[in-house]
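Data file: entry.cif. Format and content: mmCIF, C-alpha atoms.
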```cif
data_model
loop_
_atom_site.group_PDB
_atom_site.id
_atom_site.type_symbol
_atom_site.label_atom_id
_atom_site.label_comp_id
_atom_site.auth_asym_id
_atom_site.auth_seq_id
_atom_site.Cartn_x
_atom_site.Cartn_y
_atom_site.Cartn_z
ATOM 1 C CA MET A 1 105.983 129.718 101.046
ATOM 2 C CA ASP A 2 103.343 128.508 98.681
ATOM 3 C CA TYR A 3 99.877 129.856 98.610
ATOM 4 C CA TYR A 4 98.384 126.502 99.515
ATOM 5 C CA ASN A 5 100.139 126.609 102.887
ATOM 6 C CA THR A 6 97.734 129.322 103.961
ATOM 7 C CA LEU A 7 94.878 126.899 103.334
ATOM 8 C CA LEU A 8 96.436 124.050 105.248
ATOM 9 C CA GLN A 9 96.864 123.103 108.896
ATOM 10 C CA ASP A 10 99.704 120.953 110.253
ATOM 11 C CA VAL A 11 98.429 117.657 111.629
ATOM 12 C CA LYS A 12 99.675 114.195 112.410
ATOM 13 C CA ARG A 13 98.315 111.482 110.146
ATOM 14 C CA VAL A 14 97.803 108.271 112.103
ATOM 15 C CA GLU A 15 97.053 104.892 110.565
ATOM 16 C CA ILE A 16 96.312 101.751 112.491
ATOM 17 C CA ILE A 17 96.078 98.234 111.132
ATOM 18 C CA ILE A 18 94.584 95.752 113.517
ATOM 19 C CA SER A 19 92.827 92.421 113.533
ATOM 20 C CA SER A 20 89.095 92.660 112.852
ATOM 21 C CA PHE A 21 88.518 91.038 116.245
ATOM 22 C CA HIS A 22 89.991 94.059 118.026
ATOM 23 C CA ILE A 23 88.767 96.970 115.919
ATOM 24 C CA GLN A 24 86.262 98.071 118.555
ATOM 25 C CA GLU A 25 88.987 98.404 121.166
ATOM 26 C CA ALA A 26 90.986 100.613 118.818
ATOM 27 C CA ILE A 27 87.931 102.771 118.053
ATOM 28 C CA LYS A 28 87.227 103.125 121.761
ATOM 29 C CA ILE A 29 90.717 104.585 122.186
ATOM 30 C CA LEU A 30 90.136 106.998 119.289
ATOM 31 C CA ASP A 31 86.915 108.124 120.937
ATOM 32 C CA GLN A 32 88.676 108.596 124.281
ATOM 33 C CA VAL A 33 91.250 110.962 122.802
ATOM 34 C CA GLN A 34 88.474 112.712 120.875
ATOM 35 C CA VAL A 35 89.839 112.597 117.356
ATOM 36 C CA SER A 36 87.432 114.534 115.179
ATOM 37 C CA GLY A 37 86.778 111.487 113.008
ATOM 38 C CA TYR A 38 88.253 108.435 111.344
ATOM 39 C CA THR A 39 87.925 106.346 108.218
ATOM 40 C CA ILE A 40 87.892 102.555 108.216
ATOM 41 C CA ILE A 41 88.789 100.264 105.347
ATOM 42 C CA GLU A 42 87.569 96.762 106.100
ATOM 43 C CA ASP A 43 88.760 93.375 104.969
ATOM 44 C CA THR A 44 92.399 94.033 104.326
ATOM 45 C CA SER A 45 94.658 91.028 104.120
ATOM 46 C CA GLY A 46 98.356 90.666 104.671
ATOM 47 C CA LYS A 47 101.183 88.889 106.281
ATOM 48 C CA GLY A 48 103.235 89.772 109.296
ATOM 49 C CA ASP A 49 105.339 88.613 112.112
ATOM 50 C CA ARG A 50 104.291 89.369 115.636
ATOM 51 C CA GLY A 51 105.916 92.780 115.336
ATOM 52 C CA LEU A 52 103.781 93.869 112.464
ATOM 53 C CA SER A 53 100.392 92.311 112.426
ATOM 54 C CA CYS A 54 99.967 88.842 113.787
ATOM 55 C CA SER A 55 100.250 86.595 116.808
ATOM 56 C CA ASP A 56 102.227 83.954 114.923
ATOM 57 C CA VAL A 57 105.309 84.286 112.764
ATOM 58 C CA ASP A 58 104.400 84.469 109.076
ATOM 59 C CA CYS A 59 100.703 84.146 109.739
ATOM 60 C CA VAL A 60 98.150 85.413 107.247
ATOM 61 C CA PHE A 61 95.675 87.775 108.799
ATOM 62 C CA SER A 62 92.435 89.550 108.105
ATOM 63 C CA GLY A 63 92.469 93.046 109.440
ATOM 64 C CA GLN A 64 91.040 96.473 109.241
ATOM 65 C CA TYR A 65 92.746 99.716 108.403
ATOM 66 C CA ILE A 66 91.902 102.897 110.302
ATOM 67 C CA LEU A 67 93.001 106.374 109.198
ATOM 68 C CA THR A 68 92.693 109.337 111.539
ATOM 69 C CA VAL A 69 94.267 112.692 112.290
ATOM 70 C CA CYS A 70 95.585 114.270 115.467
ATOM 71 C CA THR A 71 95.560 118.041 115.545
ATOM 72 C CA ASN A 72 97.921 118.542 118.488
ATOM 73 C CA ASP A 73 100.786 116.764 120.235
ATOM 74 C CA ARG A 74 98.935 116.124 123.453
ATOM 75 C CA GLN A 75 96.208 114.251 121.582
ATOM 76 C CA LEU A 76 98.792 112.244 119.641
ATOM 77 C CA ASN A 77 100.817 111.391 122.756
ATOM 78 C CA THR A 78 97.731 110.104 124.531
ATOM 79 C CA LEU A 79 96.629 108.115 121.491
ATOM 80 C CA VAL A 80 100.026 106.428 121.142
ATOM 81 C CA GLU A 81 100.293 105.716 124.876
ATOM 82 C CA ASN A 82 96.850 104.143 124.923
ATOM 83 C CA LEU A 83 97.291 102.163 121.715
ATOM 84 C CA LYS A 84 100.674 100.701 122.578
ATOM 85 C CA PRO A 85 99.424 98.201 125.181
ATOM 86 C CA LEU A 86 96.651 97.052 122.823
ATOM 87 C CA LEU A 87 99.124 96.493 119.963
ATOM 88 C CA LYS A 88 101.461 94.716 122.368
ATOM 89 C CA LYS A 89 98.658 92.385 123.375
ATOM 90 C CA VAL A 90 96.951 91.626 120.068
ATOM 91 C CA GLY A 91 99.489 92.642 117.383
ATOM 92 C CA GLY A 92 98.926 95.291 114.786
ATOM 93 C CA VAL A 93 100.610 98.367 113.406
ATOM 94 C CA CYS A 94 100.404 102.068 114.073
ATOM 95 C CA LEU A 95 102.201 104.516 111.771
ATOM 96 C CA VAL A 96 102.427 108.254 112.421
ATOM 97 C CA ALA A 97 103.493 110.875 109.880
ATOM 98 C CA ASP A 98 103.432 114.617 109.337
ATOM 99 C CA ALA A 99 100.733 115.878 107.010
ATOM 100 C CA LYS A 100 98.762 118.964 106.193
ATOM 101 C CA TRP A 101 95.023 119.090 106.361
ATOM 102 C CA VAL A 102 92.801 121.230 104.157
ATOM 103 C CA SER A 103 90.781 122.980 106.838
ATOM 104 C CA HIS A 104 87.283 124.053 105.885
ATOM 105 C CA MET B 1 110.942 116.521 121.925
ATOM 106 C CA ASP B 2 107.561 115.069 122.668
ATOM 107 C CA TYR B 3 107.035 112.134 124.883
ATOM 108 C CA TYR B 4 105.564 110.043 122.083
ATOM 109 C CA ASN B 5 108.901 110.166 120.243
ATOM 110 C CA THR B 6 110.332 107.838 122.824
ATOM 111 C CA LEU B 7 107.683 105.296 121.887
ATOM 112 C CA LEU B 8 108.255 105.564 118.158
ATOM 113 C CA GLN B 9 110.839 104.282 115.675
ATOM 114 C CA ASP B 10 111.739 106.030 112.421
ATOM 115 C CA VAL B 11 110.749 103.954 109.398
ATOM 116 C CA LYS B 12 110.010 104.410 105.733
ATOM 117 C CA ARG B 13 106.383 103.894 104.794
ATOM 118 C CA VAL B 14 106.144 102.280 101.367
ATOM 119 C CA GLU B 15 102.939 101.926 99.370
ATOM 120 C CA ILE B 16 102.642 100.124 96.083
ATOM 121 C CA ILE B 17 99.681 100.154 93.724
ATOM 122 C CA ILE B 18 99.836 97.531 91.046
ATOM 123 C CA SER B 19 97.564 95.617 88.721
ATOM 124 C CA SER B 20 95.930 92.589 90.313
ATOM 125 C CA PHE B 21 97.623 90.465 87.655
ATOM 126 C CA HIS B 22 101.058 91.309 89.036
ATOM 127 C CA ILE B 23 100.467 91.404 92.782
ATOM 128 C CA GLN B 24 102.312 88.130 93.353
ATOM 129 C CA GLU B 25 105.447 89.488 91.708
ATOM 130 C CA ALA B 26 105.356 92.510 94.014
ATOM 131 C CA ILE B 27 104.857 90.322 97.083
ATOM 132 C CA LYS B 28 107.757 88.125 96.014
ATOM 133 C CA ILE B 29 109.984 91.216 96.044
ATOM 134 C CA LEU B 30 108.714 92.181 99.513
ATOM 135 C CA ASP B 31 109.552 88.695 100.734
ATOM 136 C CA GLN B 32 113.026 88.875 99.182
ATOM 137 C CA VAL B 33 113.900 92.062 101.075
ATOM 138 C CA GLN B 34 112.344 90.574 104.209
ATOM 139 C CA VAL B 35 109.943 93.300 105.210
ATOM 140 C CA SER B 36 108.406 92.283 108.501
ATOM 141 C CA GLY B 37 104.921 92.326 107.014
ATOM 142 C CA TYR B 38 102.502 94.044 104.679
ATOM 143 C CA THR B 39 98.851 94.888 104.319
ATOM 144 C CA ILE B 40 96.892 94.489 101.085
ATOM 145 C CA ILE B 41 93.735 96.309 100.090
ATOM 146 C CA GLU B 42 92.143 94.551 97.144
ATOM 147 C CA ASP B 43 89.890 95.769 94.386
ATOM 148 C CA THR B 44 90.934 99.366 94.130
ATOM 149 C CA SER B 45 89.986 101.178 90.966
ATOM 150 C CA GLY B 46 91.429 104.247 89.321
ATOM 151 C CA LYS B 47 92.713 105.927 86.268
ATOM 152 C CA GLY B 48 96.253 106.555 85.159
ATOM 153 C CA ASP B 49 98.612 107.164 82.342
ATOM 154 C CA ARG B 50 101.502 104.808 81.834
ATOM 155 C CA GLY B 51 103.497 106.766 84.403
ATOM 156 C CA LEU B 52 101.075 106.192 87.206
ATOM 157 C CA SER B 53 99.180 102.986 86.898
ATOM 158 C CA CYS B 54 98.365 101.693 83.446
ATOM 159 C CA SER B 55 99.737 100.488 80.160
ATOM 160 C CA ASP B 56 97.543 102.830 78.111
ATOM 161 C CA VAL B 57 96.947 106.552 78.412
ATOM 162 C CA ASP B 58 93.786 107.271 80.398
ATOM 163 C CA CYS B 59 92.993 103.626 80.928
ATOM 164 C CA VAL B 60 90.803 102.474 83.783
ATOM 165 C CA PHE B 61 92.398 99.784 85.888
ATOM 166 C CA SER B 62 91.667 97.352 88.655
ATOM 167 C CA GLY B 63 94.516 97.109 91.072
ATOM 168 C CA GLN B 64 95.633 96.277 94.515
ATOM 169 C CA TYR B 65 97.175 98.477 97.144
ATOM 170 C CA ILE B 66 100.039 97.228 99.308
ATOM 171 C CA LEU B 67 101.294 99.029 102.415
ATOM 172 C CA THR B 68 104.567 98.046 104.030
ATOM 173 C CA VAL B 69 107.387 99.461 106.113
ATOM 174 C CA CYS B 70 111.160 99.432 105.705
ATOM 175 C CA THR B 71 113.137 99.736 108.914
ATOM 176 C CA ASN B 72 116.515 100.653 107.393
ATOM 177 C CA ASP B 73 117.926 102.298 104.275
ATOM 178 C CA ARG B 74 119.557 99.184 102.887
ATOM 179 C CA GLN B 75 116.229 97.364 102.904
ATOM 180 C CA LEU B 76 114.509 100.319 101.251
ATOM 181 C CA ASN B 77 117.195 100.708 98.598
ATOM 182 C CA THR B 78 116.955 97.046 97.660
ATOM 183 C CA LEU B 79 113.152 97.169 97.584
ATOM 184 C CA VAL B 80 113.128 100.195 95.277
ATOM 185 C CA GLU B 81 115.815 98.766 93.013
ATOM 186 C CA ASN B 82 113.942 95.489 92.659
ATOM 187 C CA LEU B 83 110.513 97.073 92.212
ATOM 188 C CA LYS B 84 111.555 99.590 89.588
ATOM 189 C CA PRO B 85 111.957 97.096 86.720
ATOM 190 C CA LEU B 86 108.574 95.518 87.565
ATOM 191 C CA LEU B 87 106.824 98.908 87.580
ATOM 192 C CA LYS B 88 108.592 99.803 84.329
ATOM 193 C CA LYS B 89 107.293 96.622 82.741
ATOM 194 C CA VAL B 90 103.719 96.444 84.016
ATOM 195 C CA GLY B 91 102.920 99.961 85.266
ATOM 196 C CA GLY B 92 102.025 100.841 88.809
ATOM 197 C CA VAL B 93 103.039 103.248 91.516
ATOM 198 C CA CYS B 94 105.410 103.148 94.462
ATOM 199 C CA LEU B 95 105.403 105.985 96.991
ATOM 200 C CA VAL B 96 107.899 106.277 99.845
ATOM 201 C CA ALA B 97 107.546 108.593 102.846
ATOM 202 C CA ASP B 98 109.005 109.140 106.293
ATOM 203 C CA ALA B 99 106.916 107.846 109.145
ATOM 204 C CA LYS B 100 107.185 106.728 112.731
ATOM 205 C CA TRP B 101 106.174 103.327 113.895
ATOM 206 C CA VAL B 102 104.766 102.499 117.312
ATOM 207 C CA SER B 103 107.131 99.691 118.279
ATOM 208 C CA HIS B 104 105.790 97.099 120.642
ATOM 209 C CA MET C 1 122.537 110.589 100.256
ATOM 210 C CA ASP C 2 121.232 107.127 99.714
ATOM 211 C CA TYR C 3 121.301 105.418 96.404
ATOM 212 C CA TYR C 4 117.530 105.117 96.298
ATOM 213 C CA ASN C 5 117.210 108.902 96.213
ATOM 214 C CA THR C 6 118.537 108.856 92.672
ATOM 215 C CA LEU C 7 115.624 106.619 91.708
ATOM 216 C CA LEU C 8 112.998 108.775 93.357
ATOM 217 C CA GLN C 9 111.212 112.035 92.550
ATOM 218 C CA ASP C 10 109.808 114.422 95.170
ATOM 219 C CA VAL C 11 106.029 114.628 94.975
ATOM 220 C CA LYS C 12 103.094 115.589 97.139
ATOM 221 C CA ARG C 13 100.894 112.694 98.184
ATOM 222 C CA VAL C 14 97.261 113.803 98.326
ATOM 223 C CA GLU C 15 94.459 111.754 99.832
ATOM 224 C CA ILE C 16 90.814 112.712 99.776
ATOM 225 C CA ILE C 17 87.985 111.084 101.686
ATOM 226 C CA ILE C 18 84.559 112.121 100.551
ATOM 227 C CA SER C 19 80.991 110.911 100.572
ATOM 228 C CA SER C 20 80.189 108.452 97.790
ATOM 229 C CA PHE C 21 77.550 110.908 96.588
ATOM 230 C CA HIS C 22 80.196 113.470 95.708
ATOM 231 C CA ILE C 23 83.032 111.336 94.372
ATOM 232 C CA GLN C 24 82.420 112.413 90.781
ATOM 233 C CA GLU C 25 82.834 116.072 91.709
ATOM 234 C CA ALA C 26 86.174 115.299 93.331
ATOM 235 C CA ILE C 27 87.333 113.312 90.302
ATOM 236 C CA LYS C 28 86.323 116.156 88.011
ATOM 237 C CA ILE C 29 88.648 118.450 89.979
ATOM 238 C CA LEU C 30 91.482 115.901 89.718
ATOM 239 C CA ASP C 31 90.950 115.789 85.962
ATOM 240 C CA GLN C 32 90.946 119.595 85.750
ATOM 241 C CA VAL C 33 94.347 119.878 87.409
ATOM 242 C CA GLN C 34 95.583 116.984 85.268
ATOM 243 C CA VAL C 35 96.971 114.661 87.889
ATOM 244 C CA SER C 36 98.571 111.770 86.079
ATOM 245 C CA GLY C 37 96.271 109.281 87.781
ATOM 246 C CA TYR C 38 94.508 108.296 90.970
ATOM 247 C CA THR C 39 93.463 105.249 92.940
ATOM 248 C CA ILE C 40 90.055 104.848 94.547
ATOM 249 C CA ILE C 41 89.144 102.626 97.469
ATOM 250 C CA GLU C 42 85.382 102.297 97.692
ATOM 251 C CA ASP C 43 83.084 101.599 100.594
ATOM 252 C CA THR C 44 85.039 102.991 103.455
ATOM 253 C CA SER C 45 83.146 103.676 106.637
ATOM 254 C CA GLY C 46 83.854 105.988 109.511
ATOM 255 C CA LYS C 47 82.709 108.632 111.834
ATOM 256 C CA GLY C 48 83.285 112.343 111.804
ATOM 257 C CA ASP C 49 82.132 115.710 112.826
ATOM 258 C CA ARG C 50 81.440 118.300 110.197
ATOM 259 C CA GLY C 51 85.122 119.184 110.192
ATOM 260 C CA LEU C 52 86.242 115.757 109.184
ATOM 261 C CA SER C 53 83.722 113.881 107.143
ATOM 262 C CA CYS C 54 80.059 114.496 107.736
ATOM 263 C CA SER C 55 77.249 116.990 107.723
ATOM 264 C CA ASP C 56 76.138 116.163 111.243
ATOM 265 C CA VAL C 57 78.089 115.872 114.453
ATOM 266 C CA ASP C 58 79.011 112.240 115.167
ATOM 267 C CA CYS C 59 77.306 110.935 112.078
ATOM 268 C CA VAL C 60 78.317 107.628 110.529
ATOM 269 C CA PHE C 61 79.173 107.900 106.868
ATOM 270 C CA SER C 62 79.909 105.808 103.828
ATOM 271 C CA GLY C 63 82.642 107.306 101.764
ATOM 272 C CA GLN C 64 85.316 106.738 99.242
ATOM 273 C CA TYR C 65 89.036 107.202 99.544
ATOM 274 C CA ILE C 66 91.061 108.718 96.698
ATOM 275 C CA LEU C 67 94.861 108.680 96.548
ATOM 276 C CA THR C 68 96.712 110.818 94.035
ATOM 277 C CA VAL C 69 100.014 112.595 93.514
ATOM 278 C CA CYS C 70 100.913 116.148 92.546
ATOM 279 C CA THR C 71 104.274 116.567 90.856
ATOM 280 C CA ASN C 72 104.628 120.328 91.290
ATOM 281 C CA ASP C 73 103.436 123.111 93.593
ATOM 282 C CA ARG C 74 101.290 124.856 91.024
ATOM 283 C CA GLN C 75 99.283 121.684 90.460
ATOM 284 C CA LEU C 76 98.897 121.145 94.202
ATOM 285 C CA ASN C 77 97.869 124.737 94.862
ATOM 286 C CA THR C 78 95.176 124.565 92.197
ATOM 287 C CA LEU C 79 93.942 121.212 93.474
ATOM 288 C CA VAL C 80 93.633 122.478 97.047
ATOM 289 C CA GLU C 81 91.971 125.732 95.993
ATOM 290 C CA ASN C 82 89.411 123.862 93.895
ATOM 291 C CA LEU C 83 88.755 121.149 96.469
ATOM 292 C CA LYS C 84 88.278 123.466 99.425
ATOM 293 C CA PRO C 85 84.848 124.815 98.402
ATOM 294 C CA LEU C 86 83.619 121.265 97.695
ATOM 295 C CA LEU C 87 84.784 120.029 101.111
ATOM 296 C CA LYS C 88 83.251 123.095 102.727
ATOM 297 C CA LYS C 89 79.928 122.311 101.066
ATOM 298 C CA VAL C 90 79.673 118.535 101.446
ATOM 299 C CA GLY C 91 82.217 117.635 104.156
ATOM 300 C CA GLY C 92 85.194 115.384 103.677
ATOM 301 C CA VAL C 93 88.912 115.358 104.271
ATOM 302 C CA CYS C 94 91.958 116.196 102.234
ATOM 303 C CA LEU C 95 95.422 115.382 103.580
ATOM 304 C CA VAL C 96 98.663 116.432 101.874
ATOM 305 C CA ALA C 97 102.124 115.053 102.674
ATOM 306 C CA ASP C 98 105.616 114.918 101.248
ATOM 307 C CA ALA C 99 106.552 111.689 99.537
ATOM 308 C CA LYS C 100 108.937 110.278 96.988
ATOM 309 C CA TRP C 101 107.781 108.525 93.888
ATOM 310 C CA VAL C 102 109.619 105.722 92.132
ATOM 311 C CA SER C 103 109.704 107.159 88.640
ATOM 312 C CA HIS C 104 109.825 104.655 85.797
#
```

Taking this structure as input, can you express it in the form of structure tokens?
Amino acid sequence: MDYYNTLLQDVKRVEIIISSFHIQEAIKILDQVQVSGYTIIEDTSGKGDRGLSCSDVDCVFSGQYILTVCTNDRQLNTLVENLKPLLKKVGGVCLVADAKWVSH
Amino acid sequence: MDYYNTLLQDVKRVEIIISSFHIQEAIKILDQVQVSGYTIIEDTSGKGDRGLSCSDVDCVFSGQYILTVCTNDRQLNTLVENLKPLLKKVGGVCLVADAKWVSH
Amino acid sequence: MDYYNTLLQDVKRVEIIISSFHIQEAIKILDQVQVSGYTIIEDTSGKGDRGLSCSDVDCVFSGQYILTVCTNDRQLNTLVENLKPLLKKVGGVCLVADAKWVSH
């Protein structure tokens, strides 16, 4: 075990990419599950089929990127459950990965 | 096993940082391996030696950031194989990591 | 073992989100531990409590996002040790995760 592990806390890193038109709905869900914060990168571009980011196949989209962290499984489960219907309706992506967080 | 695992699909998260001059070549490779979509963040800045992002040691660069997802190993292998010569030629970074994708 | 593993090197992906006012202090630390490079995305926005990104509870902030890579544990340990007091003082986030790097 490395020394840095004693400085770090296991978390789930969650990133959401969603159309600019629906960013407020995504943020509302983040607020509901009480993530401790989030970072938004505006004006991303890209290309996707319905499964990834758009309503039309091969459409070009303008979206926003949201990065947040869940500190326990219950919070993550609720976030994913609440986001899934929104993504199903309007398109978009949510990726979840293990990470460690420098607590301070 | 947490409930959210039943909502999620294992994928490989792939991020590419490359000079703005060569973004189209990178996108062409993404199209060739038929990723289902990608997100681009423009106008990133940074600093890198040849190994990370630049042609010169300690150069400052203007680049673009691409985020995409591979849903199987064959797709990822082909993406990495095709990207490697481009990165070797023009500099840039490609990072691959395990992630889970909220399928919808 | 997949073919692509032979093209990839294990690294630690490190991302830092910090107030624009303190970006130079973070970069100085990256230079001290001699990361081979970094990418900066400017003008992110967000919301955080003290623990995540801000000095006040529920404040809105303007920050910058830094992505870098550590290629060995000693480098990562030193980075985290040096960053922690800065984050403690000014707020901000540092996330660490396993990744693979397409070496070239």

Identify all chain C residues at most 7 Å from chain A by counting only C-alpha atoms; ligands do not count. Present them as a PDB file with C-alpha atoms, in the coordinates of the input.
```pdb
ATOM      1  CA  THR C  44      85.039 102.991 103.455  1.00  0.00           C
ATOM      2  CA  SER C  45      83.146 103.676 106.637  1.00  0.00           C
ATOM      3  CA  GLY C  46      83.854 105.988 109.511  1.00  0.00           C
ATOM      4  CA  LYS C  47      82.709 108.632 111.834  1.00  0.00           C
ATOM      5  CA  GLY C  48      83.285 112.343 111.804  1.00  0.00           C
ATOM      6  CA  ASP C  49      82.132 115.710 112.826  1.00  0.00           C
ATOM      7  CA  GLY C  51      85.122 119.184 110.192  1.00  0.00           C
ATOM      8  CA  LEU C  52      86.242 115.757 109.184  1.00  0.00           C
ATOM      9  CA  ASN C  77      97.869 124.737  94.862  1.00  0.00           C
ATOM     10  CA  VAL C  80      93.633 122.478  97.047  1.00  0.00           C
ATOM     11  CA  LYS C  84      88.278 123.466  99.425  1.00  0.00           C
ATOM     12  CA  LEU C  87      84.784 120.029 101.111  1.00  0.00           C
ATOM     13  CA  LYS C  88      83.251 123.095 102.727  1.00  0.00           C
ATOM     14  CA  CYS C  94      91.958 116.196 102.234  1.00  0.00           C
ATOM     15  CA  LEU C  95      95.422 115.382 103.580  1.00  0.00           C
ATOM     16  CA  VAL C  96      98.663 116.432 101.874  1.00  0.00           C
ATOM     17  CA  ALA C  97     102.124 115.053 102.674  1.00  0.00           C
TER      18      ALA C  97
END
```

Output of the PyMOL selection byres ((chain B and resi 90) around 8), listed as a PyMOL selection string: chain B and resi 19+22+54-55+86-89+91-92

Output the coordinates of chain B after least-squares fitting to chain C on all in-order C-alpha pairs, as a tab-separated table (two decimals) with C-alpha atoms, in the coordinates of the input.
```tsv
chain	number	residue	atom	x	y	z
B	1	MET	CA	122.44	110.64	100.33
B	2	ASP	CA	121.19	107.14	99.78
B	3	TYR	CA	121.29	105.43	96.49
B	4	TYR	CA	117.51	105.11	96.33
B	5	ASN	CA	117.20	108.91	96.22
B	6	THR	CA	118.53	108.85	92.71
B	7	LEU	CA	115.63	106.63	91.72
B	8	LEU	CA	112.98	108.77	93.37
B	9	GLN	CA	111.20	112.04	92.55
B	10	ASP	CA	109.79	114.42	95.16
B	11	VAL	CA	106.01	114.63	94.97
B	12	LYS	CA	103.08	115.59	97.14
B	13	ARG	CA	100.88	112.69	98.18
B	14	VAL	CA	97.26	113.80	98.32
B	15	GLU	CA	94.44	111.75	99.82
B	16	ILE	CA	90.81	112.72	99.77
B	17	ILE	CA	87.98	111.09	101.68
B	18	ILE	CA	84.56	112.12	100.53
B	19	SER	CA	80.99	110.90	100.56
B	20	SER	CA	80.18	108.45	97.78
B	21	PHE	CA	77.54	110.91	96.59
B	22	HIS	CA	80.19	113.47	95.70
B	23	ILE	CA	83.02	111.34	94.37
B	24	GLN	CA	82.41	112.43	90.78
B	25	GLU	CA	82.82	116.08	91.70
B	26	ALA	CA	86.17	115.30	93.33
B	27	ILE	CA	87.33	113.32	90.31
B	28	LYS	CA	86.31	116.16	88.02
B	29	ILE	CA	88.63	118.45	89.99
B	30	LEU	CA	91.47	115.91	89.71
B	31	ASP	CA	90.94	115.79	85.97
B	32	GLN	CA	90.93	119.60	85.74
B	33	VAL	CA	94.35	119.88	87.40
B	34	GLN	CA	95.58	116.98	85.26
B	35	VAL	CA	96.98	114.67	87.88
B	36	SER	CA	98.58	111.77	86.07
B	37	GLY	CA	96.28	109.29	87.78
B	38	TYR	CA	94.50	108.29	90.96
B	39	THR	CA	93.45	105.26	92.92
B	40	ILE	CA	90.04	104.85	94.54
B	41	ILE	CA	89.14	102.63	97.46
B	42	GLU	CA	85.38	102.30	97.68
B	43	ASP	CA	83.07	101.59	100.57
B	44	THR	CA	85.04	102.99	103.44
B	45	SER	CA	83.14	103.68	106.62
B	46	GLY	CA	83.86	105.98	109.51
B	47	LYS	CA	82.71	108.62	111.86
B	48	GLY	CA	83.30	112.33	111.81
B	49	ASP	CA	82.14	115.72	112.83
B	50	ARG	CA	81.48	118.30	110.17
B	51	GLY	CA	85.18	119.18	110.16
B	52	LEU	CA	86.32	115.74	109.20
B	53	SER	CA	83.82	113.86	107.15
B	54	CYS	CA	80.15	114.49	107.76
B	55	SER	CA	77.37	117.02	107.71
B	56	ASP	CA	76.22	116.16	111.24
B	57	VAL	CA	78.16	115.86	114.47
B	58	ASP	CA	79.07	112.24	115.18
B	59	CYS	CA	77.38	110.94	112.08
B	60	VAL	CA	78.35	107.64	110.53
B	61	PHE	CA	79.17	107.90	106.86
B	62	SER	CA	79.90	105.81	103.83
B	63	GLY	CA	82.63	107.30	101.74
B	64	GLN	CA	85.31	106.73	99.24
B	65	TYR	CA	89.03	107.20	99.54
B	66	ILE	CA	91.05	108.71	96.70
B	67	LEU	CA	94.85	108.68	96.54
B	68	THR	CA	96.70	110.82	94.04
B	69	VAL	CA	100.00	112.59	93.53
B	70	CYS	CA	100.90	116.15	92.55
B	71	THR	CA	104.25	116.57	90.86
B	72	ASN	CA	104.61	120.34	91.28
B	73	ASP	CA	103.43	123.11	93.59
B	74	ARG	CA	101.27	124.87	91.04
B	75	GLN	CA	99.27	121.70	90.46
B	76	LEU	CA	98.90	121.16	94.21
B	77	ASN	CA	97.86	124.75	94.87
B	78	THR	CA	95.17	124.58	92.21
B	79	LEU	CA	93.93	121.21	93.48
B	80	VAL	CA	93.63	122.48	97.05
B	81	GLU	CA	91.98	125.73	95.99
B	82	ASN	CA	89.41	123.88	93.90
B	83	LEU	CA	88.74	121.15	96.46
B	84	LYS	CA	88.28	123.46	99.42
B	85	PRO	CA	84.86	124.82	98.39
B	86	LEU	CA	83.62	121.26	97.69
B	87	LEU	CA	84.79	120.02	101.10
B	88	LYS	CA	83.23	123.09	102.72
B	89	LYS	CA	79.92	122.30	101.06
B	90	VAL	CA	79.68	118.53	101.43
B	91	GLY	CA	82.21	117.62	104.15
B	92	GLY	CA	85.18	115.37	103.66
B	93	VAL	CA	88.89	115.35	104.26
B	94	CYS	CA	91.96	116.20	102.22
B	95	LEU	CA	95.42	115.38	103.57
B	96	VAL	CA	98.65	116.42	101.86
B	97	ALA	CA	102.11	115.04	102.67
B	98	ASP	CA	105.61	114.91	101.24
B	99	ALA	CA	106.54	111.68	99.55
B	100	LYS	CA	108.91	110.27	96.99
B	101	TRP	CA	107.77	108.53	93.88
B	102	VAL	CA	109.61	105.71	92.14
B	103	SER	CA	109.72	107.14	88.63
B	104	HIS	CA	109.84	104.66	85.81
```

Two-atom distance - CA of Gln64 in chain A, CA of Ile23 in chain A (Å): 7.1 Å

Å distance separating CA of Cys70 in chain C from CA of Gln34 in chain C, one decimal place: 9.1 Å

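Here CA of Ile18 in chain B stands at a distance of 5.3 Å from CA of Gly63 in chain B.
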
Non-local contacts of Gln32 in chain B (10 Å; all atoms listed in the file; under 4 positions in same chain excluded) as a ChimeraX atom specification: /B:26-28,75,78-79,82
